[in-house]
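> Sharing upload28.cif here; it has mmCIF, C-alpha atoms.
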```cif
data_target
loop_
_atom_site.label_atom_id
_atom_site.label_comp_id
_atom_site.auth_asym_id
_atom_site.auth_seq_id
_atom_site.Cartn_x
_atom_site.Cartn_y
_atom_site.Cartn_z
CA MET A 13 -7.30 -13.61 -10.68
CA LYS A 14 -7.48 -13.21 -14.42
CA THR A 15 -4.13 -12.31 -15.80
CA PRO A 16 -3.87 -11.30 -19.42
CA ALA A 17 -1.12 -13.00 -21.34
CA ASN A 18 2.35 -11.54 -21.79
CA GLY A 19 3.54 -11.14 -18.20
CA SER A 20 4.04 -7.55 -17.15
CA ALA A 21 1.30 -4.97 -17.49
CA PHE A 22 4.06 -2.70 -18.62
CA SER A 23 7.79 -2.85 -18.78
CA ILE A 24 10.21 0.05 -19.13
CA GLN A 25 13.85 -0.68 -19.82
CA GLY A 26 16.74 1.71 -20.09
CA LEU A 27 14.49 4.72 -20.56
CA LYS A 28 16.33 8.00 -21.12
CA LYS A 29 14.92 11.43 -21.76
CA ARG A 30 16.83 14.70 -21.62
CA TYR A 31 15.75 18.31 -21.31
CA PRO A 32 17.94 21.32 -20.75
CA GLY A 33 18.73 21.10 -17.06
CA PHE A 34 17.02 17.76 -16.50
CA SER A 35 17.70 14.22 -17.43
CA LEU A 36 15.57 11.18 -16.76
CA GLY A 37 16.99 7.72 -16.37
CA PRO A 38 18.36 5.38 -17.42
CA LEU A 39 15.25 4.01 -15.81
CA ASP A 40 13.87 0.48 -15.48
CA LEU A 41 10.41 -0.15 -14.17
CA ASP A 42 7.78 -2.80 -14.56
CA LEU A 43 4.35 -3.51 -13.20
CA GLN A 44 2.62 -6.84 -12.74
CA PRO A 45 -1.09 -7.25 -13.51
CA GLY A 46 -3.43 -6.54 -10.60
CA VAL A 47 -0.83 -4.58 -8.65
CA VAL A 48 -1.20 -0.98 -7.47
CA LEU A 49 2.10 0.86 -7.75
CA GLY A 50 2.56 4.38 -6.41
CA LEU A 51 5.13 6.61 -8.10
CA ILE A 52 6.36 8.99 -5.45
CA GLY A 53 8.61 11.96 -5.92
CA PRO A 54 8.86 15.68 -5.42
CA ASN A 55 7.82 18.10 -8.16
CA GLY A 56 10.37 17.97 -10.94
CA ALA A 57 11.54 14.45 -10.13
CA GLY A 58 10.50 13.18 -13.56
CA LYS A 59 7.19 11.52 -12.74
CA THR A 60 5.20 13.09 -15.56
CA THR A 61 8.04 12.63 -18.04
CA THR A 62 8.14 8.94 -17.18
CA LEU A 63 4.38 8.61 -17.62
CA HIS A 64 4.42 10.56 -20.87
CA CYS A 65 7.09 8.29 -22.31
CA LEU A 66 5.09 5.28 -21.17
CA ILE A 67 1.91 6.42 -22.90
CA GLY A 68 3.65 7.56 -26.06
CA LEU A 69 3.23 11.31 -25.60
CA LEU A 70 6.97 11.76 -25.51
CA VAL A 71 9.59 9.99 -27.57
CA PRO A 72 12.52 9.01 -25.38
CA GLU A 73 16.17 9.18 -26.47
CA ALA A 74 16.65 5.56 -25.50
CA GLY A 75 14.78 2.69 -23.96
CA ALA A 76 12.26 -0.03 -24.65
CA ILE A 77 8.69 0.22 -23.41
CA THR A 78 6.11 -2.51 -23.75
CA ILE A 79 2.47 -2.74 -22.66
CA PHE A 80 1.49 -6.37 -22.11
CA GLY A 81 4.39 -7.33 -24.31
CA ARG A 82 3.59 -4.93 -27.17
CA PRO A 83 6.08 -2.12 -27.86
CA ASN A 84 4.46 1.31 -27.48
CA HIS A 85 5.19 2.11 -31.08
CA PRO A 86 3.23 4.88 -32.82
CA ASP A 87 2.84 2.85 -36.03
CA ASP A 88 1.16 -0.09 -34.35
CA PRO A 89 -1.29 1.35 -31.86
CA ARG A 90 -2.66 -1.95 -30.58
CA TRP A 91 -0.82 -1.45 -27.28
CA ARG A 92 -3.14 1.49 -26.58
CA GLN A 93 -6.06 -0.88 -26.15
CA ASP A 94 -4.58 -2.12 -22.93
CA ILE A 95 -3.82 1.21 -21.33
CA GLY A 96 -6.09 3.85 -19.83
CA VAL A 97 -4.75 7.27 -18.93
CA VAL A 98 -5.96 9.92 -16.52
CA GLY A 99 -3.79 12.96 -17.06
CA GLU A 100 -3.57 16.38 -15.53
CA ASP A 101 -5.50 17.91 -18.38
CA SER A 102 -8.16 15.66 -19.81
CA GLY A 103 -9.21 17.97 -22.65
CA PHE A 104 -12.97 17.43 -22.54
CA PHE A 105 -15.30 19.74 -24.40
CA LEU A 106 -16.75 21.89 -21.66
CA ARG A 107 -20.06 22.66 -23.36
CA TRP A 108 -20.73 19.08 -24.32
CA THR A 109 -22.45 16.69 -21.99
CA VAL A 110 -20.67 13.84 -20.27
CA GLU A 111 -22.29 11.40 -22.65
CA GLU A 112 -21.22 13.34 -25.75
CA ASN A 113 -17.67 13.60 -24.49
CA LEU A 114 -17.52 9.90 -23.71
CA ARG A 115 -18.87 9.05 -27.13
CA LEU A 116 -16.18 11.16 -28.75
CA VAL A 117 -13.46 9.48 -26.72
CA GLY A 118 -14.93 6.15 -27.78
CA ARG A 119 -14.50 6.95 -31.46
CA PHE A 120 -10.76 6.76 -31.03
CA GLN A 121 -10.82 3.46 -29.18
CA PRO A 122 -11.56 0.34 -31.21
CA ASN A 123 -12.53 -1.65 -28.09
CA TRP A 124 -14.73 1.06 -26.63
CA SER A 125 -18.03 -0.03 -25.15
CA ASP A 126 -20.74 2.60 -24.59
CA ARG A 127 -22.46 0.14 -22.33
CA ARG A 128 -19.41 -0.29 -20.18
CA ALA A 129 -18.89 3.48 -19.94
CA ARG A 130 -22.54 4.04 -19.07
CA GLY A 131 -22.44 1.27 -16.49
CA MET A 132 -19.43 2.80 -14.80
CA ALA A 133 -20.93 6.27 -14.86
CA GLU A 134 -24.00 4.86 -13.15
CA ARG A 135 -22.01 2.93 -10.60
CA PHE A 136 -20.05 6.03 -9.63
CA ASN A 137 -23.00 8.47 -9.82
CA LEU A 138 -21.65 10.47 -12.71
CA PRO A 139 -24.55 12.33 -14.40
CA MET A 140 -24.46 11.57 -18.13
CA ASN A 141 -26.66 14.49 -19.22
CA LYS A 142 -24.76 17.27 -17.54
CA ARG A 143 -22.41 19.47 -19.45
CA VAL A 144 -18.80 19.24 -18.40
CA ASN A 145 -18.73 22.90 -17.38
CA GLU A 146 -21.56 22.18 -14.94
CA LEU A 147 -19.77 19.28 -13.29
CA SER A 148 -18.25 19.48 -9.85
CA LYS A 149 -14.50 18.88 -9.61
CA GLY A 150 -15.18 15.42 -8.26
CA ASN A 151 -17.43 14.52 -11.18
CA LYS A 152 -14.85 15.87 -13.63
CA ALA A 153 -12.31 13.53 -12.07
CA LYS A 154 -14.78 10.66 -12.35
CA LEU A 155 -15.40 11.48 -15.98
CA ALA A 156 -11.67 11.33 -16.63
CA ILE A 157 -11.52 7.88 -15.07
CA VAL A 158 -14.58 6.55 -16.91
CA ALA A 159 -13.14 7.93 -20.17
CA ALA A 160 -9.89 6.13 -19.43
CA LEU A 161 -11.63 2.81 -18.79
CA GLY A 162 -14.38 2.63 -21.43
CA HIS A 163 -12.24 0.38 -23.62
CA ALA A 164 -11.57 -2.05 -20.72
CA PRO A 165 -7.80 -1.59 -20.50
CA HIS A 166 -5.84 -3.70 -18.03
CA VAL A 167 -3.55 -0.99 -16.86
CA LEU A 168 -4.67 2.40 -15.60
CA ILE A 169 -2.18 5.26 -15.44
CA LEU A 170 -3.00 8.24 -13.25
CA ASP A 171 -0.88 11.37 -13.15
CA GLU A 172 -1.51 13.33 -9.95
CA PRO A 173 -5.24 12.66 -10.24
CA THR A 174 -6.08 14.31 -6.94
CA ALA A 175 -4.12 17.54 -7.48
CA GLY A 176 -6.32 20.44 -6.44
CA LEU A 177 -9.15 18.29 -5.12
CA ASP A 178 -10.57 18.75 -1.64
CA PRO A 179 -10.35 15.84 0.81
CA ILE A 180 -13.92 14.63 0.25
CA VAL A 181 -13.59 14.54 -3.53
CA ARG A 182 -10.21 12.90 -3.17
CA ALA A 183 -11.76 10.19 -1.04
CA GLU A 184 -14.48 9.68 -3.65
CA LEU A 185 -11.94 9.28 -6.37
CA LEU A 186 -9.91 6.85 -4.30
CA ASP A 187 -13.11 4.91 -3.62
CA MET A 188 -13.42 4.43 -7.36
CA LEU A 189 -9.94 2.99 -7.50
CA TRP A 190 -10.75 0.62 -4.63
CA GLU A 191 -13.71 -0.64 -6.59
CA LEU A 192 -11.50 -1.12 -9.62
CA GLN A 193 -8.84 -3.10 -7.82
CA GLU A 194 -11.38 -5.56 -6.49
CA ASP A 195 -11.71 -7.58 -9.69
CA GLY A 196 -7.93 -7.95 -9.86
CA GLU A 197 -7.89 -7.15 -13.54
CA HIS A 198 -6.39 -3.70 -13.39
CA ALA A 199 -2.83 -2.79 -12.71
CA ILE A 200 -2.80 0.76 -11.42
CA PHE A 201 0.16 3.10 -11.74
CA TYR A 202 -0.43 6.23 -9.76
CA SER A 203 1.89 9.21 -9.60
CA THR A 204 1.61 11.64 -6.76
CA HIS A 205 3.59 13.86 -4.47
CA VAL A 206 0.85 13.53 -1.85
CA LEU A 207 1.71 10.23 -0.30
CA SER A 208 -1.35 10.04 1.93
CA ASP A 209 -3.39 9.59 -1.27
CA ILE A 210 -1.88 6.29 -2.08
CA GLU A 211 -0.77 5.22 1.36
CA ARG A 212 -3.41 2.57 1.84
CA LEU A 213 -4.18 1.66 -1.74
CA ALA A 214 -0.69 0.95 -3.02
CA ASP A 215 0.87 -2.49 -2.88
CA GLU A 216 4.25 -1.16 -3.84
CA LEU A 217 5.95 2.22 -3.93
CA VAL A 218 8.65 3.46 -6.22
CA PHE A 219 10.57 6.60 -5.29
CA LEU A 220 11.80 8.87 -8.01
CA CYS A 221 14.25 11.69 -7.44
CA ASP A 222 16.25 13.75 -9.96
CA GLY A 223 15.19 11.44 -12.77
CA GLN A 224 16.33 8.25 -11.02
CA VAL A 225 14.52 5.45 -9.26
CA ILE A 226 16.06 5.51 -5.82
CA GLN A 227 14.02 2.75 -4.26
CA ARG A 228 11.19 0.35 -4.94
CA THR A 229 9.62 -1.55 -2.08
CA ALA A 230 6.50 -3.36 -1.00
CA LYS A 231 4.76 -0.73 1.06
CA ASP A 232 4.33 -2.97 4.09
CA ASP A 233 8.05 -3.76 4.21
CA LEU A 234 8.80 -0.10 4.35
CA VAL A 235 6.41 0.58 7.19
CA GLU A 236 7.73 -2.41 9.09
CA SER A 237 11.43 -1.96 8.70
CA TRP A 238 11.73 1.74 9.50
CA ARG A 239 11.77 2.95 13.10
CA ARG A 240 12.90 5.82 15.21
CA ILE A 241 14.94 4.43 18.05
CA SER A 242 16.09 6.11 21.22
CA PHE A 243 18.54 4.65 23.73
CA ARG A 244 21.13 5.49 26.35
CA LEU A 245 24.72 4.64 25.68
CA ALA A 246 28.07 6.04 26.71
CA ALA A 247 29.53 6.34 23.24
CA ASP A 248 30.57 9.17 21.00
CA ALA A 249 28.86 10.35 17.89
CA THR A 250 31.05 8.28 15.59
CA LEU A 251 28.98 5.28 16.62
CA SER A 252 28.33 3.18 13.55
CA LEU A 253 25.13 1.16 13.54
CA PRO A 254 23.60 -0.97 10.78
CA GLY A 255 20.59 0.57 9.05
CA VAL A 256 21.02 3.95 10.67
CA LEU A 257 20.61 7.09 8.57
CA ASP A 258 20.32 9.83 11.08
CA HIS A 259 21.89 10.11 14.49
CA ARG A 260 21.39 12.67 17.21
CA GLN A 261 23.06 12.64 20.56
CA VAL A 262 22.67 14.65 23.72
CA ARG A 263 25.12 13.38 26.34
CA LEU A 264 24.20 9.72 26.89
CA GLU A 265 20.93 9.95 25.05
CA HIS A 266 20.76 9.02 21.40
CA ARG A 267 18.07 9.08 18.79
CA VAL A 268 18.46 7.42 15.43
CA THR A 269 16.36 6.75 12.37
CA SER A 270 16.77 3.22 11.10
CA CYS A 271 15.65 1.62 7.88
CA ASP A 272 16.35 -1.84 9.30
CA TYR A 273 15.34 -1.60 12.91
CA GLU A 274 15.87 -5.24 13.78
CA ALA A 275 19.52 -5.06 12.78
CA THR A 276 19.91 -1.77 14.61
CA LEU A 277 18.31 -3.13 17.78
CA GLU A 278 20.49 -6.21 17.72
CA ALA A 279 23.61 -4.10 17.38
CA LEU A 280 22.46 -1.84 20.19
CA ARG A 281 21.84 -4.76 22.53
CA GLY A 282 25.28 -6.07 21.65
CA LEU A 283 26.76 -2.71 22.62
CA GLY A 284 24.88 -2.79 25.91
CA ALA A 285 22.63 0.17 25.17
CA GLU A 286 19.97 0.84 27.77
CA ALA A 287 16.42 2.17 27.76
CA ILE A 288 15.92 1.24 24.12
CA GLU A 289 12.62 2.51 22.77
CA HIS A 290 11.45 2.29 19.21
CA VAL A 291 8.44 3.72 17.43
CA ARG A 292 7.08 3.19 13.97
CA MET A 293 7.14 5.98 11.42
CA SER A 294 4.38 7.14 9.15
CA ILE A 295 4.80 6.43 5.47
CA ASP A 296 5.14 10.20 4.95
CA GLU A 297 8.02 10.43 7.40
CA ILE A 298 9.71 7.46 5.75
CA ALA A 299 9.25 8.98 2.29
CA VAL A 300 10.86 12.22 3.42
CA GLU A 301 13.85 10.30 4.77
CA ILE A 302 14.18 8.27 1.58
CA LEU A 303 13.93 11.27 -0.72
CA LYS A 304 16.16 13.38 1.51
CA GLY A 305 18.81 10.69 1.78
CA LYS A 306 18.34 9.53 -1.84
CA GLY A 307 17.90 6.00 -0.64
CA ALA A 308 19.01 4.02 2.32
CA PRO A 309 22.61 2.96 2.96
CA HIS A 310 21.53 -0.63 2.57
CA VAL A 311 17.98 -0.79 1.55
CA ALA A 312 15.69 -3.17 3.38
CA ALA A 313 14.82 -5.48 0.56
CA ARG A 314 13.18 -8.68 1.68
CA MET B 10 -16.80 -8.89 9.12
CA ILE B 11 -16.11 -5.57 10.79
CA LEU B 12 -12.49 -4.81 11.49
CA ILE B 13 -11.04 -1.70 13.08
CA LEU B 14 -7.78 -0.68 11.47
CA SER B 15 -5.63 2.31 12.15
CA GLU B 16 -2.35 3.66 10.84
CA LEU B 17 -1.85 5.26 14.22
CA SER B 18 -1.42 1.92 15.91
CA GLN B 19 2.04 0.60 16.72
CA GLU B 20 0.90 -2.62 15.10
CA PRO B 21 1.21 -2.90 11.31
CA LEU B 22 -2.04 -3.05 9.36
CA HIS B 23 -1.62 -6.67 8.30
CA ALA B 24 -1.00 -7.70 11.91
CA GLN B 25 -4.12 -5.81 13.00
CA ILE B 26 -6.13 -7.74 10.42
CA SER B 27 -4.71 -11.14 11.30
CA ARG B 28 -5.09 -10.51 15.03
CA GLN B 29 -8.71 -9.49 14.71
CA ILE B 30 -9.56 -12.49 12.55
CA ARG B 31 -7.57 -14.81 14.84
CA THR B 32 -9.51 -13.58 17.86
CA ARG B 33 -12.76 -14.39 16.10
CA ILE B 34 -11.59 -17.85 15.15
CA LEU B 35 -10.34 -18.66 18.65
CA ALA B 36 -13.58 -17.33 20.13
CA HIS B 37 -15.64 -19.40 17.68
CA ASP B 38 -17.22 -16.27 16.19
CA LEU B 39 -15.93 -17.65 12.94
CA THR B 40 -16.67 -21.33 12.81
CA ASP B 41 -15.06 -24.25 11.08
CA ASP B 42 -15.13 -24.13 7.32
CA GLU B 43 -16.73 -20.71 7.22
CA PRO B 44 -15.59 -18.78 4.13
CA LEU B 45 -13.57 -15.62 4.63
CA PRO B 46 -13.97 -12.62 2.33
CA SER B 47 -11.72 -12.77 -0.72
CA ILE B 48 -8.45 -10.89 -0.41
CA ARG B 49 -9.55 -8.20 -2.82
CA ALA B 50 -13.00 -7.81 -1.31
CA LEU B 51 -11.55 -7.39 2.16
CA ALA B 52 -8.98 -4.94 0.80
CA ARG B 53 -11.76 -2.89 -0.72
CA ASP B 54 -13.94 -3.04 2.38
CA GLN B 55 -11.15 -2.05 4.71
CA ARG B 56 -9.46 0.34 2.32
CA VAL B 57 -6.12 -1.37 2.58
CA SER B 58 -3.90 -2.67 -0.17
CA VAL B 59 -4.26 -6.18 -1.53
CA ILE B 60 -0.77 -7.05 -0.37
CA THR B 61 -1.67 -6.11 3.20
CA VAL B 62 -4.62 -8.52 3.32
CA GLN B 63 -2.54 -11.12 1.55
CA ARG B 64 0.06 -10.97 4.32
CA ALA B 65 -2.59 -11.24 7.01
CA TYR B 66 -4.09 -14.31 5.36
CA GLU B 67 -0.66 -15.85 4.82
CA ASP B 68 0.12 -15.46 8.51
CA LEU B 69 -3.16 -17.08 9.49
CA GLU B 70 -2.58 -19.86 7.01
CA ARG B 71 0.89 -20.50 8.40
CA GLU B 72 -0.62 -20.72 11.88
CA GLY B 73 -3.03 -23.32 10.58
CA LEU B 74 -6.09 -21.22 11.36
CA ILE B 75 -7.32 -20.80 7.81
CA ARG B 76 -6.66 -22.52 4.52
CA SER B 77 -7.10 -21.67 0.89
CA ARG B 78 -8.89 -23.80 -1.61
CA PRO B 79 -7.73 -23.03 -5.12
CA GLY B 80 -10.36 -21.06 -6.98
CA LYS B 81 -12.67 -20.92 -3.98
CA GLY B 82 -10.89 -18.64 -1.55
CA PHE B 83 -10.07 -18.89 2.14
CA PHE B 84 -11.86 -20.90 4.78
CA VAL B 85 -11.61 -21.21 8.53
CA MET B 86 -9.87 -24.47 9.35
CA ALA B 87 -11.53 -27.16 11.38
CA ILE B 88 -9.14 -26.96 14.30
CA PRO B 89 -9.18 -29.23 17.31
CA GLU B 90 -9.70 -27.51 20.65
CA LYS B 91 -6.18 -28.55 21.66
CA ARG B 92 -4.68 -26.68 18.75
CA LYS B 93 -6.64 -23.54 19.56
CA ARG B 94 -5.33 -23.71 23.09
CA ALA B 95 -1.80 -24.08 21.78
CA VAL B 96 -2.21 -20.97 19.62
CA ALA B 97 -3.62 -19.00 22.53
CA LEU B 98 -0.78 -20.17 24.80
CA GLU B 99 1.84 -19.31 22.25
CA ARG B 100 0.44 -15.84 21.72
CA PHE B 101 0.22 -15.26 25.45
CA THR B 102 3.87 -16.24 25.88
CA THR B 103 4.95 -14.01 23.00
CA ALA B 104 3.02 -11.07 24.39
CA ILE B 105 4.16 -11.39 27.99
CA THR B 106 7.85 -12.05 27.37
CA PRO B 107 8.96 -8.49 26.53
CA ILE B 108 7.39 -6.95 29.63
CA LEU B 109 8.88 -9.70 31.78
CA GLU B 110 12.33 -9.02 30.39
CA GLU B 111 11.91 -5.30 30.77
CA SER B 112 10.76 -5.70 34.38
CA ARG B 113 13.71 -7.94 35.21
CA ARG B 114 16.07 -5.38 33.75
CA ALA B 115 14.35 -2.77 35.90
CA GLY B 116 15.30 -4.89 38.91
CA LEU B 117 12.07 -6.72 39.77
CA GLY B 118 12.69 -10.22 41.10
CA ASP B 119 10.83 -13.29 39.91
CA GLU B 120 9.06 -13.65 43.26
CA GLN B 121 7.81 -10.08 43.01
CA LEU B 122 6.70 -10.66 39.45
CA ARG B 123 4.77 -13.77 40.44
CA THR B 124 2.97 -11.88 43.21
CA LEU B 125 2.21 -9.02 40.85
CA PHE B 126 0.97 -11.38 38.17
CA ASN B 127 -1.34 -13.12 40.61
CA ARG B 128 -2.68 -9.82 41.82
CA VAL B 129 -3.41 -8.68 38.26
CA LEU B 130 -4.99 -12.04 37.52
CA ARG B 131 -7.26 -11.78 40.56
CA GLY B 132 -8.28 -8.25 39.63
CA ASN B 133 -9.17 -9.51 36.19
CA GLU B 134 -10.84 -12.79 37.01
CA HIS B 135 -14.42 -11.68 36.52
CA GLY B 136 -13.84 -11.17 32.89
CA GLY B 137 -12.95 -7.50 33.07
CA LYS B 138 -10.47 -6.36 30.47
CA GLN B 139 -8.85 -3.75 32.71
#
```
Show me the file's structure as structure tokens.


Amino acid sequence: MKTPANGSAFSIQGLKKRYPGFSLGPLDLDLQPGVVLGLIGPNGAGKTTTLHCLIGLLVPEAGAITIFGRPNHPDDPRWRQDIGVVGEDSGFFLRWTVEENLRLVGRFQPNWSDRRARGMAERFNLPMNKRVNELSKGNKAKLAIVAALGHAPHVLILDEPTAGLDPIVRAELLDMLWELQEDGEHAIFYSTHVLSDIERLADELVFLCDGQVIQRTAKDDLVESWRRISFRLAADATLSLPGVLDHRQVRLEHRVTSCDYEATLEALRGLGAEAIEHVRMSIDEIAVEILKGKGAPHVAAR
Amino acid sequence: MILILSELSQEPLHAQISRQIRTRILAHDLTDDEPLPSIRALARDQRVSVITVQRAYEDLEREGLIRSRPGKGFFVMAIPEKRKRAVALERFTTAITPILEESRRAGLGDEQLRTLFNRVLRGNEHGGKQ
């Protein structure tokens, strides 16, 4: 794997941004090269604000942000060469062709390569001669990605890229990202409130709620450590079990949600619980529990 | 390599990958020193994250079924027949233990279990997979 110098693809430290009625941070976040990180949170959690601070669209009240070691300072725009952004509104000229739009974008990027952009357009079946207002939604999304990558950045930032796309187009767009991750040269930071989008692609997930990071985990750890567990036990509802967030009881029957099922099971066996059953949870179910509970009592960090 | 992966399975994705590759190695479908797809290529093919494939390969490496050569990727290990048998035995033991324990708790005696096991074995001896 080729890893550009300077460690992290990006690093955010002590980021703070305030609006009337909303405050983000203090927030720390970093991303290693080649890693796909999903930023998960409900609407209004601060996802877009975080991304906008990262890409220099917003000036934070406090915090240090670097892209491959370079501060994202407006006076020294070299950091922009390493970052590609796919935003909610890409601002293309609707009556211009794809090619004309890409060429315009390229004018603002010192490292832009028309050849690279054309190559990508070809690879992803994006018609260069069509006007943007004639493009399907899927092709518009592809254009946004090609425009974000024409200067060969090593980190790609996507803000809700699949919002409003139908499932087929969404799959196409995700296919593009799969292709991109294969060379190991792109870190991808992907914000979404639709977890199923990123469920398979992401290596790691970070959960944002009310302007705070409430958890960051390798996706596989999450899927492995959470379980719904049912059992029979003659105990009252004050039962305290490790890892358990949610407890329901009907007479002797209990059902709990655990974020550390091995610890929970061990405790249950120790208590002599019977008929223990446990099932895995979907990443969506887990996300709901995390965001609802604002993090686990003791987070499964391995 | 064609793998079948599903989120709906009780088995985590990385375990599905390692199991399916392990089966091929133990059955000699993948032979000694055969190269495996790179982590990222397999991730792309199977539409799973890099970290998921990485875990599957790490597990197989730990079991001594594959090995990595720096800069060249992963290869099936040249494993003696004895070792393959040991892996198969170990996996059989791991798989059968929970149901044995559960059955004992449900009150089945060892003698009964032996009889049952033999009956299942006989029913299965012509290669049927039930």

> List every protein, DNA or RNA residue that has at least one atom no more than 12 Å from (-6.4, -7.2, 12.1) in the file's coordinates, counting only C-alpha atoms, and write the result as an MDAnalysis selection string.

chainID B and resid 10:16 18 20:33 51:52 55 57 61:66 68:69

> Any idea what the distance is between atom CA of Asp94 of chain A and atom CA of Ile48 of chain B?

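Separation of atom CA of Asp94 of chain A and atom CA of Ile48 of chain B: 24.5 Å.
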
> Running the PyMOL selection byres ((chain B) within 6 of (chain A)) on this model by hand, what would come out? Give it as a short mmCIF file (atom, residue, chain, number, x, y, z; two decimals) with C-alpha atoms, in the frame of the given file.


```cif
data_model
loop_
_atom_site.label_atom_id
_atom_site.label_comp_id
_atom_site.auth_asym_id
_atom_site.auth_seq_id
_atom_site.Cartn_x
_atom_site.Cartn_y
_atom_site.Cartn_z
CA ARG B 49 -9.55 -8.20 -2.82
CA ALA B 50 -13.00 -7.81 -1.31
CA ARG B 53 -11.76 -2.89 -0.72
CA VAL B 57 -6.12 -1.37 2.58
CA SER B 58 -3.90 -2.67 -0.17
CA ILE B 60 -0.77 -7.05 -0.37
#
```

> From the set A:Gly81, A:Gly223, A:Gly162, A:Pro173, which residue has the shortest atom-to-atom contact distance to Leu36 of chain A, counting all atoms listed in the file?

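Between A:Gly81, A:Gly223, A:Gly162, A:Pro173, the residue approaching Leu36 of chain A most closely is A:Gly223.
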
> Which residues are close to Gly73 of chain B, i.e. within 10 Å by all atoms listed in the file, leaving aside same-chain residues fewer than 2 positions away? Reply as a VMD selection string.

chain B and resid 67 to 71 75 to 76 85 to 88 92 to 93 96

> Between atom CA of Leu63 of chain A and atom CA of Ile302 of chain A, what distance in Å does the model show, to one decimal?

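These atoms are spaced 21.6 Å apart.
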
> Contacts of Val218 of chain A at 7 Å or less, counting all atoms listed in the file, minus same-chain residues fewer than 4 places along, as a list in words?

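Here the qualifying residues turn out to be Gly50, Leu51, Ile52, Val225, Gln227, Arg228 and Thr229 of chain A.
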
> Taking the structure I provided as the source, export segment 75-79 of chain B with all heavy atoms, as a PDB file, in the first residue's frame.


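File written: result.pdb
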```pdb
ATOM      1  N   ILE B  75      -2.592 -20.116   5.432  1.00  0.00           N
ATOM      2  CA  ILE B  75      -2.057 -19.230   4.397  1.00  0.00           C
ATOM      3  C   ILE B  75      -0.887 -18.445   4.989  1.00  0.00           C
ATOM      4  O   ILE B  75      -0.720 -18.406   6.201  1.00  0.00           O
ATOM      5  CB  ILE B  75      -3.114 -18.237   3.852  1.00  0.00           C
ATOM      6  CG1 ILE B  75      -3.541 -17.243   4.925  1.00  0.00           C
ATOM      7  CG2 ILE B  75      -4.334 -18.981   3.329  1.00  0.00           C
ATOM      8  CD1 ILE B  75      -4.414 -16.118   4.399  1.00  0.00           C
ATOM      9  N   ARG B  76      -0.106 -17.849   4.140  1.00  0.00           N
ATOM     10  CA  ARG B  76       0.947 -16.980   4.659  1.00  0.00           C
ATOM     11  C   ARG B  76       1.131 -15.794   3.716  1.00  0.00           C
ATOM     12  O   ARG B  76       0.753 -15.857   2.538  1.00  0.00           O
ATOM     13  CB  ARG B  76       2.250 -17.735   4.793  1.00  0.00           C
ATOM     14  CG  ARG B  76       2.785 -18.156   3.451  1.00  0.00           C
ATOM     15  CD  ARG B  76       4.183 -18.654   3.627  1.00  0.00           C
ATOM     16  NE  ARG B  76       4.593 -19.406   2.456  1.00  0.00           N
ATOM     17  CZ  ARG B  76       5.850 -19.741   2.232  1.00  0.00           C
ATOM     18  NH1 ARG B  76       6.772 -19.386   3.074  1.00  0.00           N
ATOM     19  NH2 ARG B  76       6.165 -20.415   1.165  1.00  0.00           N
ATOM     20  N   SER B  77       1.674 -14.733   4.284  1.00  0.00           N
ATOM     21  CA  SER B  77       1.869 -13.551   3.444  1.00  0.00           C
ATOM     22  C   SER B  77       3.348 -13.434   3.110  1.00  0.00           C
ATOM     23  O   SER B  77       4.202 -13.744   3.933  1.00  0.00           O
ATOM     24  CB  SER B  77       1.392 -12.295   4.156  1.00  0.00           C
ATOM     25  OG  SER B  77       2.242 -11.994   5.226  1.00  0.00           O
ATOM     26  N   ARG B  78       3.604 -13.045   1.892  1.00  0.00           N
ATOM     27  CA  ARG B  78       4.971 -12.717   1.521  1.00  0.00           C
ATOM     28  C   ARG B  78       4.995 -11.225   1.258  1.00  0.00           C
ATOM     29  O   ARG B  78       4.251 -10.739   0.412  1.00  0.00           O
ATOM     30  CB  ARG B  78       5.368 -13.458   0.249  1.00  0.00           C
ATOM     31  CG  ARG B  78       5.521 -14.931   0.474  1.00  0.00           C
ATOM     32  CD  ARG B  78       6.381 -15.558  -0.620  1.00  0.00           C
ATOM     33  NE  ARG B  78       6.113 -16.962  -0.681  1.00  0.00           N
ATOM     34  CZ  ARG B  78       5.618 -17.593  -1.750  1.00  0.00           C
ATOM     35  NH1 ARG B  78       5.357 -16.914  -2.862  1.00  0.00           N
ATOM     36  NH2 ARG B  78       5.386 -18.872  -1.728  1.00  0.00           N
ATOM     37  N   PRO B  79       5.847 -10.521   2.004  1.00  0.00           N
ATOM     38  CA  PRO B  79       5.849  -9.061   1.893  1.00  0.00           C
ATOM     39  C   PRO B  79       5.939  -8.610   0.437  1.00  0.00           C
ATOM     40  O   PRO B  79       6.782  -9.100  -0.309  1.00  0.00           O
ATOM     41  CB  PRO B  79       7.083  -8.646   2.687  1.00  0.00           C
ATOM     42  CG  PRO B  79       7.319  -9.787   3.635  1.00  0.00           C
ATOM     43  CD  PRO B  79       6.834 -11.026   2.953  1.00  0.00           C
TER      44      PRO B  79
END
```
